[in-house]
>>> print(open('upload10.cif').read())   # mmCIF, C-alpha atoms
data_protein
#
loop_
_atom_site.label_atom_id
_atom_site.label_comp_id
_atom_site.auth_asym_id
_atom_site.auth_seq_id
_atom_site.Cartn_x
_atom_site.Cartn_y
_atom_site.Cartn_z
CA MET A 682 -23.91 24.57 -52.78
CA PRO A 683 -23.87 26.72 -49.62
CA SER A 684 -23.35 30.42 -50.14
CA LEU A 685 -20.11 32.18 -49.39
CA LYS A 686 -21.60 33.85 -46.34
CA ASP A 687 -22.78 30.55 -44.89
CA ILE A 688 -19.38 28.96 -45.26
CA ARG A 689 -17.65 31.95 -43.70
CA LYS A 690 -19.98 31.74 -40.74
CA ARG A 691 -19.25 28.03 -40.29
CA VAL A 692 -15.50 28.60 -40.39
CA GLY A 693 -15.98 31.13 -37.60
CA THR A 694 -17.97 28.66 -35.51
CA VAL A 695 -15.46 25.87 -35.98
CA LYS A 696 -12.64 28.23 -35.05
CA ASN A 697 -14.42 29.12 -31.83
CA THR A 698 -14.98 25.45 -31.03
CA GLN A 699 -11.32 24.79 -31.66
CA LYS A 700 -10.38 27.51 -29.20
CA ILE A 701 -12.52 25.87 -26.55
CA THR A 702 -11.22 22.35 -27.16
CA ARG A 703 -7.66 23.62 -27.11
CA ALA A 704 -8.25 25.37 -23.80
CA MET A 705 -9.85 22.23 -22.35
CA LYS A 706 -6.89 20.18 -23.48
CA LEU A 707 -4.46 22.52 -21.75
CA VAL A 708 -6.53 22.52 -18.55
CA SER A 709 -6.65 18.72 -18.53
CA ALA A 710 -2.91 18.51 -19.14
CA ALA A 711 -2.25 20.70 -16.11
CA LYS A 712 -4.69 18.74 -13.96
CA LEU A 713 -3.23 15.47 -15.16
CA LYS A 714 0.18 16.54 -13.94
CA ARG A 715 -1.19 17.21 -10.47
CA ALA A 716 -3.22 14.01 -10.34
CA GLN A 717 -0.23 12.00 -11.44
CA ASP A 718 1.90 13.57 -8.71
CA ALA A 719 -0.62 12.65 -6.04
CA MET A 720 -0.73 9.12 -7.40
CA LEU A 721 3.04 8.73 -7.38
CA LYS A 722 3.31 10.12 -3.86
CA LEU A 723 0.95 7.50 -2.53
CA ARG A 724 2.84 4.65 -4.13
CA PRO A 725 5.64 4.12 -1.55
CA TYR A 726 3.13 4.27 1.30
CA ALA A 727 0.85 1.77 -0.41
CA GLU A 728 3.71 -0.55 -1.29
CA LYS A 729 5.02 -0.54 2.29
CA HIS A 730 1.59 -1.32 3.72
CA ARG A 731 1.24 -4.27 1.41
CA GLU A 732 4.61 -5.60 2.49
CA MET A 733 3.76 -5.27 6.17
CA LEU A 734 0.42 -6.93 5.67
CA VAL A 735 1.96 -9.85 3.86
CA SER A 736 4.65 -10.41 6.46
CA LEU A 737 2.25 -10.03 9.40
CA ALA A 738 -0.39 -12.29 7.93
CA ALA A 739 2.20 -14.92 7.06
CA GLN A 740 3.18 -15.17 10.71
CA MET A 741 -0.31 -15.61 12.05
CA VAL A 742 -1.11 -19.19 12.88
CA ASP A 743 -4.33 -18.96 10.98
CA GLY A 744 -4.03 -15.87 8.84
CA SER A 745 -7.58 -15.85 7.56
CA THR A 746 -9.29 -15.63 10.94
CA ALA A 747 -6.93 -13.10 12.45
CA HIS A 748 -9.01 -10.23 11.18
CA PRO A 749 -12.64 -10.13 9.98
CA LEU A 750 -11.59 -8.39 6.79
CA LEU A 751 -9.34 -11.30 5.93
CA ALA A 752 -12.06 -13.89 6.30
CA ARG A 753 -13.20 -15.48 3.06
CA ARG A 754 -16.91 -16.35 2.99
CA GLU A 755 -17.80 -19.82 1.86
CA THR A 756 -20.88 -18.84 -0.07
CA VAL A 757 -20.98 -15.55 -1.84
CA LYS A 758 -24.52 -14.30 -2.21
CA ARG A 759 -24.03 -10.66 -2.91
CA ILE A 760 -21.11 -8.77 -4.35
CA GLY A 761 -20.63 -5.08 -3.71
CA VAL A 762 -18.97 -3.07 -6.45
CA LEU A 763 -17.37 0.32 -6.15
CA ALA A 764 -17.60 1.58 -9.72
CA ILE A 765 -15.53 4.69 -10.38
CA ALA A 766 -16.11 6.84 -13.45
CA SER A 767 -15.77 10.55 -14.13
CA ASP A 768 -18.00 13.49 -13.26
CA ARG A 769 -18.19 14.96 -16.74
CA GLY A 770 -18.23 13.80 -20.32
CA MET A 771 -15.94 15.00 -23.11
CA CYS A 772 -13.38 12.35 -22.29
CA GLY A 773 -13.75 9.95 -25.18
CA ALA A 774 -14.64 6.35 -24.39
CA PHE A 775 -13.55 6.65 -20.75
CA ASN A 776 -17.00 6.26 -19.21
CA ALA A 777 -18.50 4.08 -21.91
CA GLN A 778 -15.73 1.51 -21.57
CA LEU A 779 -16.10 1.38 -17.83
CA GLN A 780 -19.84 1.00 -18.08
CA LYS A 781 -19.36 -1.84 -20.51
CA THR A 782 -17.00 -3.52 -18.06
CA VAL A 783 -19.53 -3.14 -15.25
CA THR A 784 -22.32 -4.57 -17.39
CA ARG A 785 -20.17 -7.49 -18.41
CA TYR A 786 -19.13 -8.10 -14.80
CA ILE A 787 -22.76 -8.27 -13.71
CA ALA A 788 -23.68 -10.58 -16.59
CA GLU A 789 -20.87 -12.98 -15.75
CA ARG A 790 -21.89 -13.50 -12.11
CA ASP A 791 -24.84 -15.60 -11.15
CA VAL A 792 -25.16 -13.84 -7.81
CA GLU A 793 -26.61 -10.48 -6.99
CA VAL A 794 -24.29 -7.56 -7.71
CA VAL A 795 -24.82 -4.22 -6.00
CA ILE A 796 -23.27 -1.19 -7.66
CA ASN A 797 -22.01 1.70 -5.55
CA PRO A 798 -21.34 4.41 -8.11
CA LEU A 799 -18.64 7.01 -7.59
CA GLY A 800 -18.54 9.79 -10.16
CA LYS A 801 -21.65 11.50 -11.50
CA ARG A 802 -21.54 9.67 -14.83
CA MET A 803 -21.58 6.34 -13.08
CA GLY A 804 -24.50 7.37 -10.90
CA LEU A 805 -26.41 8.45 -13.99
CA PHE A 806 -25.65 5.18 -15.72
CA THR A 807 -26.71 3.08 -12.74
CA ARG A 808 -30.05 4.84 -12.53
CA LYS A 809 -30.67 4.79 -16.26
CA SER A 810 -29.92 1.10 -16.71
CA LYS A 811 -31.77 0.30 -13.48
CA LEU A 812 -28.92 -1.65 -11.94
CA ALA A 813 -29.18 -2.79 -8.36
CA ALA A 814 -27.63 0.25 -6.73
CA GLY A 815 -26.21 0.57 -3.27
CA GLU A 816 -25.14 3.93 -1.99
CA ASP A 817 -24.32 6.59 -4.56
CA PHE A 818 -21.08 8.23 -3.47
CA GLY A 819 -21.58 11.23 -5.75
CA ALA A 820 -18.81 13.19 -7.42
CA VAL A 821 -15.38 11.66 -7.82
CA ILE A 822 -13.16 14.78 -7.70
CA PRO A 823 -13.93 15.67 -4.04
CA ALA A 824 -13.60 11.96 -3.22
CA ALA A 825 -9.83 12.28 -3.41
CA GLU A 826 -9.91 14.29 -0.18
CA ASP A 827 -8.53 12.53 2.85
CA ASP A 828 -11.70 12.41 4.93
CA ARG A 829 -13.92 11.43 2.03
CA VAL A 830 -11.72 8.44 1.15
CA ARG A 831 -11.97 7.33 4.75
CA GLU A 832 -15.75 7.72 4.71
CA ILE A 833 -16.18 5.72 1.51
CA THR A 834 -13.88 3.00 2.80
CA GLU A 835 -15.79 2.84 6.07
CA ARG A 836 -19.09 2.35 4.25
CA LEU A 837 -17.68 -0.43 2.10
CA VAL A 838 -16.07 -2.14 5.08
CA HIS A 839 -19.25 -1.74 7.10
CA ALA A 840 -21.34 -3.39 4.38
CA PHE A 841 -18.88 -6.27 4.31
CA ILE A 842 -18.65 -6.73 8.09
CA GLU A 843 -22.43 -6.57 8.53
CA GLY A 844 -22.85 -9.26 5.90
CA GLU A 845 -24.77 -7.06 3.47
CA VAL A 846 -22.26 -8.17 0.88
CA ASP A 847 -19.83 -11.09 0.92
CA GLU A 848 -17.25 -9.64 -1.40
CA VAL A 849 -16.29 -6.17 -2.54
CA VAL A 850 -14.56 -5.32 -5.80
CA ILE A 851 -13.52 -2.04 -7.38
CA ILE A 852 -14.15 -1.50 -11.06
CA SER A 853 -12.26 1.52 -12.28
CA ASN A 854 -10.00 2.82 -14.99
CA ARG A 855 -6.35 2.15 -14.32
CA PHE A 856 -3.83 4.70 -15.40
CA ILE A 857 -1.34 2.87 -17.59
CA SER A 858 0.12 5.90 -19.34
CA ALA A 859 -1.08 9.27 -20.53
CA LEU A 860 -2.28 7.49 -23.68
CA THR A 861 -3.75 4.30 -22.25
CA GLN A 862 -6.38 3.74 -19.61
CA THR A 863 -7.81 0.29 -19.03
CA PRO A 864 -10.94 -0.58 -17.11
CA THR A 865 -9.98 -3.12 -14.45
CA VAL A 866 -11.77 -5.25 -11.87
CA MET A 867 -9.86 -5.38 -8.59
CA PRO A 868 -10.92 -7.44 -5.59
CA LEU A 869 -10.94 -5.35 -2.40
CA LEU A 870 -12.58 -7.44 0.31
CA PRO A 871 -11.88 -9.91 1.73
CA VAL A 872 -8.26 -8.86 1.79
CA VAL A 873 -5.98 -11.46 0.28
CA PRO A 874 -2.41 -10.91 1.39
CA GLU A 875 -0.66 -12.13 -1.71
CA GLN A 876 3.04 -12.49 -1.98
CA ALA A 877 4.15 -10.25 -4.82
CA ASP A 878 7.01 -12.43 -5.97
CA ALA A 879 9.48 -14.83 -4.45
CA ASP A 880 12.37 -12.41 -4.30
CA ALA A 881 10.31 -9.99 -2.23
CA GLU A 882 10.91 -12.26 0.77
CA GLN A 883 11.88 -10.55 3.98
CA PRO A 884 15.64 -10.31 4.22
CA GLU A 885 17.22 -12.50 6.88
CA THR A 886 17.90 -10.26 9.81
CA GLY A 887 19.65 -12.67 12.14
CA SER A 888 17.45 -11.99 15.15
CA ASP A 889 13.73 -12.41 15.55
CA PRO A 890 11.83 -9.20 14.97
CA PHE A 891 9.84 -7.87 17.90
CA TYR A 892 6.29 -6.58 17.82
CA GLU A 893 4.84 -3.88 19.98
CA PRO A 894 2.17 -4.18 21.31
CA ASP A 895 1.66 -7.55 19.52
CA GLN A 896 1.05 -9.00 16.07
CA THR A 897 -2.73 -9.11 16.37
CA SER A 898 -3.03 -5.44 17.29
CA LEU A 899 -0.64 -4.48 14.55
CA LEU A 900 -2.59 -6.51 12.05
CA GLN A 901 -5.76 -4.84 13.22
CA TYR A 902 -4.14 -1.52 12.52
CA VAL A 903 -2.62 -2.43 9.18
CA VAL A 904 -5.57 -4.24 7.53
CA PRO A 905 -8.06 -1.33 7.51
CA ARG A 906 -5.28 1.07 6.45
CA TYR A 907 -4.43 -1.27 3.62
CA VAL A 908 -8.02 -1.32 2.42
CA GLU A 909 -8.17 2.46 2.63
CA VAL A 910 -4.96 2.79 0.66
CA GLN A 911 -6.35 0.52 -2.06
CA VAL A 912 -9.49 2.63 -2.34
CA ARG A 913 -7.49 5.83 -2.36
CA GLN A 914 -5.17 4.50 -5.02
CA ALA A 915 -8.06 3.42 -7.23
CA ILE A 916 -9.68 6.85 -6.90
CA LEU A 917 -6.47 8.73 -7.62
CA GLU A 918 -5.69 6.53 -10.59
CA SER A 919 -9.16 6.93 -11.99
CA ILE A 920 -8.92 10.71 -11.67
CA ALA A 921 -5.54 10.75 -13.40
CA ALA A 922 -6.87 8.45 -16.13
CA ASP A 923 -9.92 10.72 -16.47
CA HIS A 924 -7.76 13.78 -17.09
CA ALA A 925 -5.55 11.84 -19.49
CA ALA A 926 -8.56 10.61 -21.46
CA ARG A 927 -10.02 14.09 -21.59
CA MET A 928 -6.72 15.52 -22.72
CA ASN A 929 -6.50 13.00 -25.56
CA ALA A 930 -10.12 13.47 -26.59
CA MET A 931 -9.72 17.24 -26.66
CA SER A 932 -6.44 16.98 -28.52
CA ALA A 933 -8.15 14.87 -31.18
CA ALA A 934 -11.05 17.33 -31.29
CA THR A 935 -8.66 20.24 -31.79
CA ASP A 936 -6.96 18.39 -34.64
CA ASN A 937 -10.29 17.54 -36.24
CA ALA A 938 -11.42 21.13 -35.98
CA GLY A 939 -8.20 22.15 -37.75
CA GLU A 940 -8.92 19.68 -40.56
CA MET A 941 -12.43 20.99 -40.87
CA ILE A 942 -11.26 24.60 -41.05
CA LYS A 943 -8.90 23.62 -43.83
CA THR A 944 -11.63 21.95 -45.88
CA LEU A 945 -14.08 24.75 -45.28
CA THR A 946 -11.53 27.40 -46.21
CA LEU A 947 -10.88 25.56 -49.45
CA GLN A 948 -14.59 25.43 -50.14
CA MET A 949 -14.92 29.08 -49.25
CA ASN A 950 -12.16 30.10 -51.64
CA ARG A 951 -13.67 28.01 -54.38
CA ALA A 952 -17.05 29.65 -53.86
CA ARG A 953 -15.46 33.09 -53.86
CA GLN A 954 -13.58 32.40 -57.06
CA ALA A 955 -16.73 31.05 -58.66
CA ALA A 956 -18.56 34.20 -57.68
CA ILE A 957 -15.82 36.38 -59.17
CA THR A 958 -15.82 34.39 -62.38
CA THR A 959 -19.58 34.66 -62.72
CA GLU A 960 -19.41 38.39 -62.12
CA LEU A 961 -16.69 38.82 -64.74
CA MET A 962 -18.64 36.78 -67.23
CA GLU A 963 -21.64 39.00 -66.63
CA ILE A 964 -19.61 42.17 -67.12
CA ILE A 965 -18.02 40.85 -70.29
CA GLY A 966 -21.39 39.62 -71.51
CA GLY A 967 -22.90 43.07 -70.81
CA ALA A 968 -20.06 44.87 -72.63
CA GLU A 969 -20.44 42.52 -75.61
CA ALA A 970 -24.14 43.24 -75.80
CA LEU A 971 -23.55 46.99 -75.95
CA LYS A 972 -21.37 46.73 -79.03
CA MET B 1254 29.97 5.98 13.16
CA ALA B 1255 26.92 4.09 12.06
CA THR B 1256 23.83 6.12 11.32
CA ILE B 1257 20.15 5.30 11.01
CA LYS B 1258 18.28 6.06 7.83
CA LEU B 1259 15.10 7.70 9.07
CA GLU B 1260 12.18 7.99 6.68
CA VAL B 1261 8.71 9.32 7.37
CA VAL B 1262 6.14 8.44 4.70
CA THR B 1263 2.50 9.54 4.58
CA PRO B 1264 -0.24 8.96 2.00
CA THR B 1265 0.55 12.38 0.54
CA GLY B 1266 4.26 11.85 0.18
CA LYS B 1267 7.56 11.60 1.97
CA VAL B 1268 7.92 14.07 4.81
CA LEU B 1269 11.39 13.26 6.00
CA ASP B 1270 14.42 11.36 4.75
CA VAL B 1271 17.59 11.87 6.81
CA GLU B 1272 20.58 10.05 8.24
CA ALA B 1273 20.23 10.26 12.01
CA ASP B 1274 22.34 9.12 14.96
CA SER B 1275 19.38 8.38 17.20
CA VAL B 1276 15.59 8.43 16.92
CA THR B 1277 12.91 8.82 19.56
CA ALA B 1278 9.47 7.88 18.31
CA PRO B 1279 6.12 8.26 20.09
CA GLY B 1280 5.14 4.61 20.45
CA ALA B 1281 1.57 3.73 21.34
CA LEU B 1282 2.84 2.18 24.57
CA GLY B 1283 5.37 4.88 25.35
CA ASP B 1284 8.37 6.49 23.73
CA LEU B 1285 10.67 4.30 21.75
CA GLY B 1286 14.34 5.09 21.43
CA VAL B 1287 16.31 3.68 18.54
CA LEU B 1288 20.07 3.67 18.11
CA PRO B 1289 22.02 2.11 15.24
CA GLU B 1290 21.96 -1.71 15.15
CA HIS B 1291 18.63 -1.88 16.93
CA ARG B 1292 16.81 -5.20 16.89
CA PRO B 1293 14.34 -5.19 13.97
CA GLY B 1294 10.64 -5.03 14.68
CA LEU B 1295 7.28 -3.40 14.11
CA VAL B 1296 5.96 -0.81 16.52
CA MET B 1297 2.59 0.86 16.60
CA LEU B 1298 2.92 4.60 17.02
CA GLY B 1299 0.68 7.03 18.82
CA GLY B 1300 0.47 10.77 18.26
CA GLY B 1301 3.15 13.26 19.14
CA ALA B 1302 6.62 14.44 18.23
CA LEU B 1303 9.23 12.24 16.63
CA ARG B 1304 12.70 13.52 17.45
CA TYR B 1305 16.06 12.60 16.12
CA GLY B 1306 19.64 13.48 16.82
CA LYS B 1307 22.06 14.25 14.06
CA GLY B 1308 25.71 15.04 14.37
CA GLY B 1309 25.48 15.87 18.07
CA SER B 1310 22.55 18.27 17.74
CA GLU B 1311 18.83 17.74 17.55
CA GLY B 1312 17.03 17.74 14.19
CA GLU B 1313 13.75 19.45 13.52
CA PRO B 1314 11.02 17.33 15.13
CA VAL B 1315 8.27 15.78 13.04
CA TYR B 1316 4.72 15.63 14.40
CA ILE B 1317 2.93 12.36 13.83
CA ARG B 1318 -0.75 11.51 13.97
CA GLY B 1319 -0.50 7.80 14.61
CA GLY B 1320 1.10 5.20 12.42
CA VAL B 1321 3.49 2.28 12.38
CA ALA B 1322 7.27 2.21 12.57
CA GLU B 1323 9.29 -0.51 11.00
CA ILE B 1324 12.73 -0.90 12.51
CA ARG B 1325 15.23 -2.51 10.19
CA PRO B 1326 18.91 -3.16 10.64
CA ASP B 1327 19.72 -0.20 8.44
CA GLY B 1328 17.09 2.28 9.50
CA VAL B 1329 13.65 3.27 10.68
CA LEU B 1330 10.67 3.61 8.37
CA VAL B 1331 7.67 5.47 9.78
CA LEU B 1332 4.32 5.13 8.04
CA ALA B 1333 2.19 7.90 9.45
CA ASP B 1334 -1.45 8.75 8.82
CA GLU B 1335 -0.38 12.35 8.81
CA ALA B 1336 2.94 14.00 9.59
CA ARG B 1337 4.25 17.55 9.55
CA THR B 1338 7.68 18.96 10.18
CA GLU B 1339 7.82 21.78 12.71
CA ALA B 1340 8.12 24.36 9.94
CA LYS B 1341 4.95 23.13 8.28
CA VAL B 1342 2.56 22.60 11.21
CA ASP B 1343 -0.88 24.06 10.89
CA LYS B 1344 -2.16 25.29 14.24
CA ALA B 1345 -5.67 26.01 13.06
CA ARG B 1346 -5.98 22.49 11.75
CA ALA B 1347 -4.55 21.08 14.96
CA GLU B 1348 -7.17 22.95 16.96
CA LYS B 1349 -9.89 21.50 14.79
CA ILE B 1350 -8.53 17.99 15.17
CA LEU B 1351 -8.35 18.38 18.94
CA GLU B 1352 -11.89 19.72 19.11
CA LYS B 1353 -13.22 16.84 17.02
CA ALA B 1354 -11.36 14.24 19.06
CA LEU B 1355 -12.68 15.63 22.33
CA ALA B 1356 -16.22 15.85 20.99
CA ARG B 1357 -16.06 12.25 19.84
CA GLN B 1358 -14.80 11.13 23.21
CA GLU B 1359 -17.66 12.97 24.92
CA THR B 1360 -20.54 11.88 22.75
CA ALA B 1361 -19.79 8.28 21.79
CA ASP B 1362 -21.52 5.60 23.88
CA TYR B 1363 -19.09 2.93 22.96
CA LEU B 1364 -15.64 3.03 21.43
CA ASP B 1365 -13.54 0.02 20.52
CA ASP B 1366 -9.80 -0.17 21.03
CA ALA B 1367 -8.95 1.09 17.57
CA GLN B 1368 -11.27 4.08 17.92
CA LEU B 1369 -9.89 4.91 21.35
CA GLN B 1370 -6.39 4.72 19.95
CA ALA B 1371 -7.32 6.99 17.06
CA ILE B 1372 -8.77 9.57 19.44
CA SER B 1373 -5.75 9.47 21.69
CA ASN B 1374 -3.49 9.80 18.63
CA ASP B 1375 -5.40 12.82 17.42
CA ARG B 1376 -5.25 14.43 20.84
CA ALA B 1377 -1.54 13.80 21.32
CA TYR B 1378 -0.81 15.05 17.80
CA ALA B 1379 -2.82 18.23 18.17
CA GLU B 1380 -1.61 18.97 21.69
CA ALA B 1381 2.02 18.53 20.69
CA ILE B 1382 1.57 20.98 17.84
CA LEU B 1383 -0.29 23.51 19.98
CA LYS B 1384 2.47 23.35 22.55
CA ILE B 1385 5.13 24.58 20.12
CA ALA B 1386 6.16 28.03 21.27
CA GLY B 1387 6.55 31.00 19.02
CA HIS B 1388 3.52 30.50 16.81
#
>>> encode(input="upload10.cif", output="structure tokens")
Amino acid sequence: MPSLKDIRKRVGTVKNTQKITRAMKLVSAAKLKRAQDAMLKLRPYAEKHREMLVSLAAQMVDGSTAHPLLARRETVKRIGVLAIASDRGMCGAFNAQLQKTVTRYIAERDVEVVINPLGKRMGLFTRKSKLAAGEDFGAVIPAAEDDRVREITERLVHAFIEGEVDEVVIISNRFISALTQTPTVMPLLPVVPEQADADAEQPETGSDPFYEPDQTSLLQYVVPRYVEVQVRQAILESIAADHAARMNAMSAATDNAGEMIKTLTLQMNRARQAAITTELMEIIGGAEALK
Amino acid sequence: MATIKLEVVTPTGKVLDVEADSVTAPGALGDLGVLPEHRPGLVMLGGGALRYGKGGSEGEPVYIRGGVAEIRPDGVLVLADEARTEAKVDKARAEKILEKALARQETADYLDDAQLQAISNDRAYAEAILKIAGH
């Protein structure tokens, strides 16, 4: 049985830990709000680009050859993966789940898969498990900056155009809600202009739309933007999911610390009472002996 | 009288959402004027000021750093790489953008059409902002 002093000390430690986890939870909650805002702001822009891409590509005589990023390769020899995780731990199963998804993805392909990690945890994982690594893009938080997104996209596009890889996918955590994040594999290149659903058809306008300068130039403008938007969205979602996961993990840790304090306090009181009882017994015993 | 719903959307959010009588956008091939009931189409935009008229007077211009405009029967949707209303322009940033664009133009051996367009967009955007008086 630990002594009273020991237990008291432990209660103090747990209380301190609880303070820290509570603070971390609050910080994550605030950051989550901001990340979510950024994500929602991008949505209309992303949606519109997709629509334009679909309608432009549909009008091209041969949509797949209109732009090199639309061209599907017949044989896929190497797949490039942009794997996005977080920079720090303390976010529950966030990183572990993503790493599992990456490992499974590699195991399921019979072609070479090159991992481009984004987020320090992913970089660490790639090196530790000795995966075929492409360029390490470093920390994920600064990657949400405008210029950095562009840079990352350019590298990925470059690798695809130069034939270093024949396909590019993004593996990242999708933000479903503040409580759920799911690791997802999303194809990035070649771009497949998919029709969302049948009722998303362009409304009949009566007259033929005009294009300035022409459809090909517009497509050339829209396709790279579209790719960039996809990358940006994945990064923003992963960051939001990261904060959400950390918030939940810290919330659970705070609750657990509370439970622990309760149990320890009970133990402490029991030990104190036992000590008092023993002392009383001794006093009574001593008084009896003097009689 | 019919109006045009003018929206300017960037990756970081909506910059403008107004009902306008007329819109003049900086097209990549020259200015593009839009009145209500314009024929629908897609237009590539360059850099510069997007102006619109509203109720007989001119609205606050929006500065655009390249993008695409979609003209629909009911309005104009501008997707810009970057856009600022006159009240929110950042001159220091504009100077930096201009400097970078000029440096790129000087040093590059070869630039393709898209890169040339991007540089000219950046220049037009920055120059338009730097030209605003009273800053």
>>> closest_atom_pairs(input="upload10.cif", of="chain A", to="chain B", cutoff="9 Å", atoms="all atoms listed in the file", output="Markdown table")
| residue | atom | partner | partner_atom | distance |
| --- | --- | --- | --- | --- |
| A:Ala719 | CA | B:Thr1265 | CA | 6.7 |
| A:Met720 | CA | B:Thr1265 | CA | 8.7 |
| A:Leu721 | CA | B:Gly1266 | CA | 8.3 |
| A:Lys722 | CA | B:Gly1266 | CA | 4.5 |
| A:Leu723 | CA | B:Pro1264 | CA | 4.9 |
| A:Arg724 | CA | B:Pro1264 | CA | 8.1 |
| A:Pro725 | CA | B:Val1262 | CA | 7.6 |
| A:Tyr726 | CA | B:Pro1264 | CA | 5.8 |
| A:Ala727 | CA | B:Pro1264 | CA | 7.7 |
| A:Lys729 | CA | B:Leu1332 | CA | 8.1 |
| A:His730 | CA | B:Leu1332 | CA | 8.2 |
| A:Met733 | CA | B:Glu1323 | CA | 8.8 |
| A:Thr886 | CA | B:Pro1326 | CA | 7.2 |
| A:Ser888 | CA | B:Arg1292 | CA | 7.0 |
| A:Asp889 | CA | B:Pro1293 | CA | 7.4 |
| A:Pro890 | CA | B:Gly1294 | CA | 4.3 |
| A:Phe891 | CA | B:Gly1294 | CA | 4.4 |
| A:Tyr892 | CA | B:Leu1295 | CA | 5.0 |
| A:Glu893 | CA | B:Val1296 | CA | 4.8 |
| A:Pro894 | CA | B:Met1297 | CA | 6.9 |
| A:Asp895 | CA | B:Val1296 | CA | 8.5 |
| A:Gln896 | CA | B:Leu1295 | CA | 8.6 |
| A:Ser898 | CA | B:Met1297 | CA | 8.5 |
| A:Leu899 | CA | B:Met1297 | CA | 6.6 |
| A:Gln901 | CA | B:Ala1367 | CA | 8.0 |
| A:Tyr902 | CA | B:Ala1367 | CA | 7.4 |
| A:Val903 | CA | B:Val1321 | CA | 8.4 |
| A:Arg906 | CA | B:Asp1334 | CA | 8.9 |
| A:Val910 | CA | B:Pro1264 | CA | 7.9 |
>>> atom_distance(input="upload10.cif", atom1="CA of Pro1289 (chain B)", atom2="CA of Ile1385 (chain B)")
28.5 Å
>>> residues_around(input="upload10.cif", residues="region 758-773 of chain A", least_positions_apart="4", cutoff="6 Å", atoms="all atoms listed in the file", output="ChimeraX atom specification")
/A:792-803,820,846-853,926-927,930
>>> resolve_selection(input="upload10.cif", expression="the PyMOL selection byres ((chain B and resi 1276) around 6)", output="PyMOL selection string")
chain B and resi 1275+1277+1286-1287+1304-1305
>>> residues_near_point(input="upload10.cif", point="(-9.3, 17.4, 13.3)", cutoff="12 Å", atoms="only C-alpha atoms", output="list of chain:residue names")
A:Asp827, A:Asp828, B:Arg1318, B:Glu1335, B:Asp1343, B:Lys1344, B:Ala1345, B:Arg1346, B:Ala1347, B:Glu1348, B:Lys1349, B:Ile1350, B:Leu1351, B:Glu1352, B:Lys1353, B:Ala1354, B:Leu1355, B:Ala1356, B:Arg1357, B:Ala1371, B:Ile1372, B:Asn1374, B:Asp1375, B:Arg1376, B:Ala1377, B:Tyr1378, B:Ala1379, B:Glu1380
>>> atom_distance(input="upload10.cif", atom1="CA of Ile957 (chain A)", atom2="CA of Ser684 (chain A)")
13.2 Å
>>> residues_around(input="upload10.cif", residues="Lys1307 (chain B)", least_positions_apart="4", cutoff="9 Å", atoms="only C-alpha atoms", output="number ranges by chain")
B: 1256, 1271-1275, 1311-1312
>>> write_last_selection(input="upload10.cif", atoms="C-alpha atoms", output="CSV table (one decimal), in the coordinates of the input")
chain,number,residue,atom,x,y,z
B,1256,THR,CA,23.8,6.1,11.3
B,1271,VAL,CA,17.6,11.9,6.8
B,1272,GLU,CA,20.6,10.0,8.2
B,1273,ALA,CA,20.2,10.3,12.0
B,1274,ASP,CA,22.3,9.1,15.0
B,1275,SER,CA,19.4,8.4,17.2
B,1311,GLU,CA,18.8,17.7,17.6
B,1312,GLY,CA,17.0,17.7,14.2
>>> residues_near_point(input="upload10.cif", point="(-5.5, 1.4, -13.0)", cutoff="8 Å", atoms="all atoms listed in the file", output="ChimeraX atom specification")
/A:853-857,862-865,915,918-919,922
>>> write_last_selection(input="upload10.cif", atoms="C-alpha atoms", output="short mmCIF file (atom, residue, chain, number, x, y, z; two decimals), in the frame of the given file")
data_model
loop_
_atom_site.label_atom_id
_atom_site.label_comp_id
_atom_site.auth_asym_id
_atom_site.auth_seq_id
_atom_site.Cartn_x
_atom_site.Cartn_y
_atom_site.Cartn_z
CA SER A 853 -12.26 1.52 -12.28
CA ASN A 854 -10.00 2.82 -14.99
CA ARG A 855 -6.35 2.15 -14.32
CA PHE A 856 -3.83 4.70 -15.40
CA ILE A 857 -1.34 2.87 -17.59
CA GLN A 862 -6.38 3.74 -19.61
CA THR A 863 -7.81 0.29 -19.03
CA PRO A 864 -10.94 -0.58 -17.11
CA THR A 865 -9.98 -3.12 -14.45
CA ALA A 915 -8.06 3.42 -7.23
CA GLU A 918 -5.69 6.53 -10.59
CA SER A 919 -9.16 6.93 -11.99
CA ALA A 922 -6.87 8.45 -16.13
#
>>> atom_distance(input="upload10.cif", atom1="CA of Ile942 (chain A)", atom2="CA of Arg691 (chain A)")
8.7 Å
>>> axis_aligned_box(input="upload10.cif", around="region 949-964 of chain A", padding_each_side="3 Å", output="JSON")
{"center_x": -16.9, "center_y": 35.1, "center_z": -58.2, "size_x": 15.5, "size_y": 20.2, "size_z": 24.0}
>>> resolve_selection(input="upload10.cif", expression="the PyMOL selection byres ((chain A and resi 838) around 9)", output="PyMOL selection string")
chain A and resi 750+833-837+839-843+849+870+905+908
>>> resolve_selection(input="upload10.cif", expression="the PyMOL selection byres ((chain A and resi 924) around 10)", output="PyMOL selection string")
chain A and resi 706+708-717+767+772+775+859+918-923+925-930
>>> residues_around(input="upload10.cif", residues="Thr944 (chain A)", least_positions_apart="5", cutoff="12 Å", atoms="all atoms listed in the file", output="JSON, numbers by chain")
{"A": [688, 689, 691, 692, 695, 937, 938, 939, 949, 950, 951]}
>>> closest_residue(input="upload10.cif", among="B:Ala1302, B:Val1342, B:Ile1257, B:Ile1382", to="Ala1278 (chain B)", atoms="all atoms listed in the file")
B:Ala1302
>>> closest_residue(input="upload10.cif", among="A:Thr946, A:Asp791, A:Phe806, A:Pro871", to="Asn776 (chain A)", atoms="all atoms listed in the file")
A:Phe806
